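**Student:** My structure is below; once you've seen it, I'll send some questions.
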Amino acid sequence: MDIYTIIFLALAVFIFLRLRSVLGQRTGSERPPYDRAAPNVVQRGQDNNVVPMPGSVIDQPTAAAPTEPVEPTDRWKGVAEPGTALAQGLDAVATQDSSFDPRHFLSGARSAYEMIVLAFANGDRRALKDLLSTEVYESFETAIKDREKHEQKTETRFVSIDKAEIVNAETRDRSAQLTVRFVSQMISVTRDKTGTIVDGSPDKVADITDVWTFARDSTSRDPNWKLVGTGSAH
């Protein structure tokens, strides 16, 4: 062998001995490698019953702290005074219908009030049928027919609805009934077929106070209230 072969053999032996000293030998009795993260993974799996997956962790919403029960004195704040008959009536309505919200009801009642007044003035029977009870509808239709018989037309325009407040609440069997006082300003005039004014004025703003009662079957899926009674206050 030449000198170069001897040198390469010597280097190979030297490298083999160095690797052996660093890596050691496997005898078959070694303990498996220790996974420093394993205990945590197992523990989390036991605690949450969830197998951790690669990727981002989505924070789960924490359970909301139990809210303090609403004091009866605050339940109908701004709608009814505590201890009054109105407050007790609202309690009865809410007992029948847990989703009842008097402010939401009043918002709808204001819209219904305006729609009904204008539909009556225009003789819109279809709109009235959806908003009135059978008895009230029949009364409104009678007035419309009488107006048509005399060939009269009514023009009504709202200037404002200044107030809508619940003045009475009660339950009757499955029915919840709420009475609302509306204070509004409107212009209304009725003319005959020649255009002659027979009632009201096209220029005068009238102050109107109406007291209407709405009802709803608390067991029905239909969330709408219907007008079941009308009156006025002076």
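Chain labels run A, B, ... following the order of the structure tokens; each chain numbers its residues from 1, and ligands are numbered from 1 in the order shown.
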Contacts of A:Ala121 at 10 Å or less, counting only C-alpha atoms, minus same-chain residues fewer than 6 places along, as a PyMOL selection string?

**Tutor:** chain A and resi 115+144+147+153-157+188-190

**Student:** Those same residues, written as a compact mmCIF listing (two decimals), in the first residue's frame with all heavy atoms?

**Tutor:**
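Final output, saved to result16.txt:
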# COMPACT_ATOMS: atom_id res chain seq x y z
N MET A 115 -100.37 53.80 10.98
CA MET A 115 -100.84 53.02 9.85
C MET A 115 -102.36 52.88 9.84
O MET A 115 -103.02 53.00 8.80
CB MET A 115 -100.20 51.63 9.87
CG MET A 115 -98.71 51.63 9.54
SD MET A 115 -97.97 49.98 9.77
CE MET A 115 -98.89 49.03 8.56
N ILE A 144 -116.48 53.54 6.89
CA ILE A 144 -115.96 53.72 5.52
C ILE A 144 -117.09 53.63 4.51
O ILE A 144 -117.18 54.44 3.56
CB ILE A 144 -114.87 52.68 5.21
CG1 ILE A 144 -113.62 52.95 6.07
CG2 ILE A 144 -114.49 52.71 3.74
CD1 ILE A 144 -112.56 51.87 5.96
N ARG A 147 -119.13 56.74 4.52
CA ARG A 147 -118.41 57.82 3.83
C ARG A 147 -118.50 57.64 2.31
O ARG A 147 -118.71 58.61 1.57
CB ARG A 147 -116.94 57.80 4.29
CG ARG A 147 -116.18 59.09 4.02
CD ARG A 147 -114.88 59.07 4.80
NE ARG A 147 -114.03 57.95 4.40
CZ ARG A 147 -113.11 57.40 5.19
NH1 ARG A 147 -112.93 57.85 6.42
NH2 ARG A 147 -112.37 56.41 4.76
N LYS A 153 -114.58 62.03 0.86
CA LYS A 153 -113.19 61.57 0.98
C LYS A 153 -112.51 62.31 2.12
O LYS A 153 -112.73 63.51 2.32
CB LYS A 153 -112.42 61.82 -0.31
CG LYS A 153 -112.84 60.90 -1.45
CD LYS A 153 -111.93 61.05 -2.66
CE LYS A 153 -112.32 60.07 -3.75
NZ LYS A 153 -111.43 60.17 -4.94
N THR A 154 -111.70 61.56 2.85
CA THR A 154 -110.98 62.13 3.99
C THR A 154 -109.48 62.18 3.70
O THR A 154 -108.91 61.21 3.21
CB THR A 154 -111.22 61.31 5.28
OG1 THR A 154 -112.62 61.31 5.58
CG2 THR A 154 -110.45 61.88 6.46
N GLU A 155 -108.88 63.29 4.02
CA GLU A 155 -107.43 63.46 3.88
C GLU A 155 -106.86 63.70 5.27
O GLU A 155 -107.28 64.62 5.98
CB GLU A 155 -107.10 64.65 2.97
CG GLU A 155 -107.69 64.54 1.57
CD GLU A 155 -107.62 65.85 0.81
OE1 GLU A 155 -107.03 66.82 1.35
OE2 GLU A 155 -108.16 65.92 -0.31
N THR A 156 -105.93 62.85 5.67
CA THR A 156 -105.33 62.96 7.01
C THR A 156 -103.82 62.95 6.89
O THR A 156 -103.25 62.16 6.13
CB THR A 156 -105.79 61.80 7.92
OG1 THR A 156 -107.21 61.84 8.07
CG2 THR A 156 -105.14 61.89 9.29
N ARG A 157 -103.20 63.82 7.64
CA ARG A 157 -101.73 63.89 7.64
C ARG A 157 -101.24 64.08 9.08
O ARG A 157 -101.73 64.95 9.79
CB ARG A 157 -101.24 65.03 6.76
CG ARG A 157 -99.72 65.21 6.75
CD ARG A 157 -99.31 66.15 5.62
NE ARG A 157 -99.89 67.47 5.76
CZ ARG A 157 -99.33 68.47 6.48
NH1 ARG A 157 -98.18 68.26 7.12
NH2 ARG A 157 -99.91 69.66 6.54
N SER A 188 -106.62 66.95 9.43
CA SER A 188 -107.59 66.07 8.81
C SER A 188 -108.76 66.88 8.26
O SER A 188 -109.26 67.79 8.92
CB SER A 188 -108.11 65.04 9.82
OG SER A 188 -108.98 64.13 9.19
N VAL A 189 -109.17 66.54 7.04
CA VAL A 189 -110.29 67.24 6.41
C VAL A 189 -111.08 66.24 5.58
O VAL A 189 -110.51 65.36 4.93
CB VAL A 189 -109.80 68.42 5.52
CG1 VAL A 189 -108.86 67.93 4.42
CG2 VAL A 189 -110.98 69.17 4.92
N THR A 190 -112.41 66.37 5.63
CA THR A 190 -113.30 65.52 4.84
C THR A 190 -114.06 66.41 3.86
O THR A 190 -114.65 67.42 4.25
CB THR A 190 -114.28 64.76 5.74
OG1 THR A 190 -113.54 63.95 6.66
CG2 THR A 190 -115.19 63.87 4.91

**Student:** If you count only C-alpha atoms, which residues fall within 12 Å of stretch 99-111 of chain A, apart from same-chain ones fewer than 6 positions away, as a ChimeraX atom specification?

**Tutor:** /A:75-80,86-87,89-93,117-118,131,158,160-169,176-184,210-216,218-219,221,223-227

**Student:** Restrict the selected residues to N, CA and C atoms and save them as a short mmCIF file (atom, residue, chain, number, x, y, z; two decimals), in the first residue's frame.

**Tutor:**
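Dumped everything to result_32.cif:
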data_model
loop_
_atom_site.label_atom_id
_atom_site.label_comp_id
_atom_site.auth_asym_id
_atom_site.auth_seq_id
_atom_site.Cartn_x
_atom_site.Cartn_y
_atom_site.Cartn_z
N ARG A 75 -87.70 46.89 37.25
CA ARG A 75 -88.12 46.07 36.10
C ARG A 75 -88.81 46.88 35.01
N TRP A 76 -89.73 47.77 35.41
CA TRP A 76 -90.48 48.55 34.43
C TRP A 76 -90.10 50.03 34.50
N LYS A 77 -88.85 50.28 34.80
CA LYS A 77 -88.39 51.66 34.94
C LYS A 77 -88.69 52.46 33.67
N GLY A 78 -89.28 53.62 33.86
CA GLY A 78 -89.62 54.48 32.73
C GLY A 78 -90.94 54.12 32.08
N VAL A 79 -91.56 53.02 32.49
CA VAL A 79 -92.83 52.59 31.91
C VAL A 79 -93.94 52.58 32.96
N ALA A 80 -93.61 52.08 34.16
CA ALA A 80 -94.60 52.00 35.23
C ALA A 80 -93.91 52.16 36.57
N LEU A 86 -100.53 49.16 37.20
CA LEU A 86 -99.93 48.98 35.88
C LEU A 86 -98.73 48.06 35.95
N ALA A 87 -97.88 48.25 36.95
CA ALA A 87 -96.70 47.39 37.10
C ALA A 87 -97.11 45.94 37.34
N GLY A 89 -99.89 44.58 36.33
CA GLY A 89 -100.42 44.08 35.07
C GLY A 89 -99.31 43.69 34.11
N LEU A 90 -98.24 44.49 34.05
CA LEU A 90 -97.10 44.16 33.20
C LEU A 90 -96.42 42.89 33.67
N ASP A 91 -96.37 42.69 34.98
CA ASP A 91 -95.82 41.44 35.52
C ASP A 91 -96.62 40.24 35.02
N ALA A 92 -97.95 40.39 35.01
CA ALA A 92 -98.81 39.30 34.56
C ALA A 92 -98.60 39.00 33.08
N VAL A 93 -98.43 40.06 32.29
CA VAL A 93 -98.19 39.87 30.85
C VAL A 93 -96.85 39.16 30.63
N VAL A 117 -104.69 54.84 11.37
CA VAL A 117 -105.35 56.12 11.12
C VAL A 117 -105.33 56.47 9.63
N LEU A 118 -104.18 56.29 8.99
CA LEU A 118 -104.07 56.62 7.57
C LEU A 118 -104.85 55.63 6.70
N LEU A 131 -104.62 44.50 10.94
CA LEU A 131 -104.25 45.22 12.15
C LEU A 131 -105.36 45.29 13.20
N PHE A 158 -100.28 63.25 9.48
CA PHE A 158 -99.69 63.39 10.81
C PHE A 158 -98.65 64.51 10.81
N SER A 160 -97.15 65.07 14.06
CA SER A 160 -96.24 64.43 15.02
C SER A 160 -97.03 63.49 15.92
N ILE A 161 -96.32 62.52 16.47
CA ILE A 161 -96.86 61.70 17.56
C ILE A 161 -96.00 62.05 18.77
N ASP A 162 -96.57 62.82 19.67
CA ASP A 162 -95.79 63.38 20.77
C ASP A 162 -95.60 62.42 21.93
N LYS A 163 -96.54 61.49 22.10
CA LYS A 163 -96.42 60.58 23.24
C LYS A 163 -97.19 59.29 22.98
N ALA A 164 -96.62 58.21 23.45
CA ALA A 164 -97.31 56.92 23.44
C ALA A 164 -96.92 56.25 24.75
N GLU A 165 -97.89 56.03 25.63
CA GLU A 165 -97.59 55.46 26.94
C GLU A 165 -98.62 54.40 27.31
N ILE A 166 -98.14 53.35 27.94
CA ILE A 166 -99.03 52.28 28.40
C ILE A 166 -99.74 52.75 29.66
N VAL A 167 -101.06 52.68 29.66
CA VAL A 167 -101.82 53.14 30.82
C VAL A 167 -102.53 51.98 31.52
N ASN A 168 -102.59 50.82 30.89
CA ASN A 168 -103.20 49.67 31.55
C ASN A 168 -102.67 48.39 30.92
N ALA A 169 -102.53 47.37 31.74
CA ALA A 169 -102.07 46.06 31.27
C ALA A 169 -102.78 44.98 32.06
N ALA A 176 -103.19 38.67 26.31
CA ALA A 176 -102.59 39.82 26.99
C ALA A 176 -103.16 41.08 26.36
N GLN A 177 -103.56 42.05 27.19
CA GLN A 177 -104.16 43.27 26.68
C GLN A 177 -103.43 44.48 27.25
N LEU A 178 -103.05 45.37 26.36
CA LEU A 178 -102.33 46.59 26.76
C LEU A 178 -103.06 47.80 26.19
N THR A 179 -103.32 48.76 27.04
CA THR A 179 -104.00 49.99 26.61
C THR A 179 -102.97 51.12 26.55
N VAL A 180 -102.99 51.83 25.42
CA VAL A 180 -101.99 52.88 25.17
C VAL A 180 -102.69 54.20 24.93
N ARG A 181 -102.15 55.24 25.54
CA ARG A 181 -102.64 56.60 25.27
C ARG A 181 -101.69 57.27 24.28
N PHE A 182 -102.25 57.69 23.15
CA PHE A 182 -101.46 58.38 22.13
C PHE A 182 -101.82 59.87 22.15
N VAL A 183 -100.81 60.70 22.16
CA VAL A 183 -101.02 62.14 22.04
C VAL A 183 -100.33 62.56 20.75
N SER A 184 -101.11 63.11 19.82
CA SER A 184 -100.56 63.42 18.50
C SER A 184 -101.11 64.74 17.98
N ASP A 210 -105.87 59.76 21.74
CA ASP A 210 -106.60 58.51 21.54
C ASP A 210 -106.15 57.50 22.58
N VAL A 211 -107.10 56.68 23.03
CA VAL A 211 -106.80 55.60 23.97
C VAL A 211 -107.21 54.30 23.31
N TRP A 212 -106.22 53.52 22.93
CA TRP A 212 -106.46 52.29 22.18
C TRP A 212 -105.98 51.08 22.97
N THR A 213 -106.69 49.98 22.80
CA THR A 213 -106.31 48.73 23.47
C THR A 213 -105.91 47.69 22.43
N PHE A 214 -104.74 47.11 22.64
CA PHE A 214 -104.21 46.07 21.76
C PHE A 214 -104.19 44.74 22.52
N ALA A 215 -104.38 43.66 21.78
CA ALA A 215 -104.39 42.33 22.41
C ALA A 215 -103.60 41.35 21.56
N ARG A 216 -103.13 40.31 22.25
CA ARG A 216 -102.37 39.26 21.57
C ARG A 216 -102.54 37.95 22.33
N SER A 218 -101.05 35.00 23.85
CA SER A 218 -99.68 34.73 24.32
C SER A 218 -99.18 33.35 23.92
N THR A 219 -100.07 32.44 23.57
CA THR A 219 -99.65 31.09 23.20
C THR A 219 -99.45 30.95 21.69
N ARG A 221 -97.82 31.69 17.92
CA ARG A 221 -96.52 32.03 17.33
C ARG A 221 -96.54 33.39 16.66
N PRO A 223 -96.43 37.04 16.47
CA PRO A 223 -95.98 38.04 17.46
C PRO A 223 -96.77 39.35 17.40
N ASN A 224 -97.67 39.47 16.43
CA ASN A 224 -98.36 40.74 16.21
C ASN A 224 -99.52 40.97 17.17
N TRP A 225 -99.69 42.23 17.53
CA TRP A 225 -100.81 42.65 18.37
C TRP A 225 -101.87 43.24 17.46
N LYS A 226 -103.15 43.10 17.86
CA LYS A 226 -104.24 43.65 17.08
C LYS A 226 -105.05 44.65 17.92
N LEU A 227 -105.57 45.64 17.25
CA LEU A 227 -106.38 46.64 17.94
C LEU A 227 -107.75 46.04 18.26
#

**Student:** Quick check, in Å to one decimal: how far apart do atom CA of A:Asp222 and atom CA of A:Phe120 lie?

**Tutor:**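 Value for the atom CA of A:Asp222-atom CA of A:Phe120 distance: 23.6 Å.
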
**Student:** Enumerate, as a ChimeraX atom specification, the complete set of residues in stretch 57-226 of chain A that a backbone-based DSSP assignment places in helix (DSSP H, G or I).

**Tutor:** /A:72-75,85-96,102-122,125-131,134-149

**Student:** Using only C-alpha atoms, pick whichever of A:Arg172, A:Asp192, A:Ile187, A:Thr230 has the shortest atom-to-atom distance to A:Lys149.

**Tutor:**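 Using only C-alpha atoms, the shortest distance to A:Lys149 belongs to A:Asp192.
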
**Student:** May I ask for the distance between atom CA of A:Gln185 and atom CA of A:Lys204, given in Å to one decimal place?

**Tutor:**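 Distance reported for this atom pair: 10.0 Å.
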
**Student:** By how many Å are atom CA of A:Ala143 and atom CA of A:Asp207 apart?

**Tutor:**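 A separation of 21.9 Å between them.
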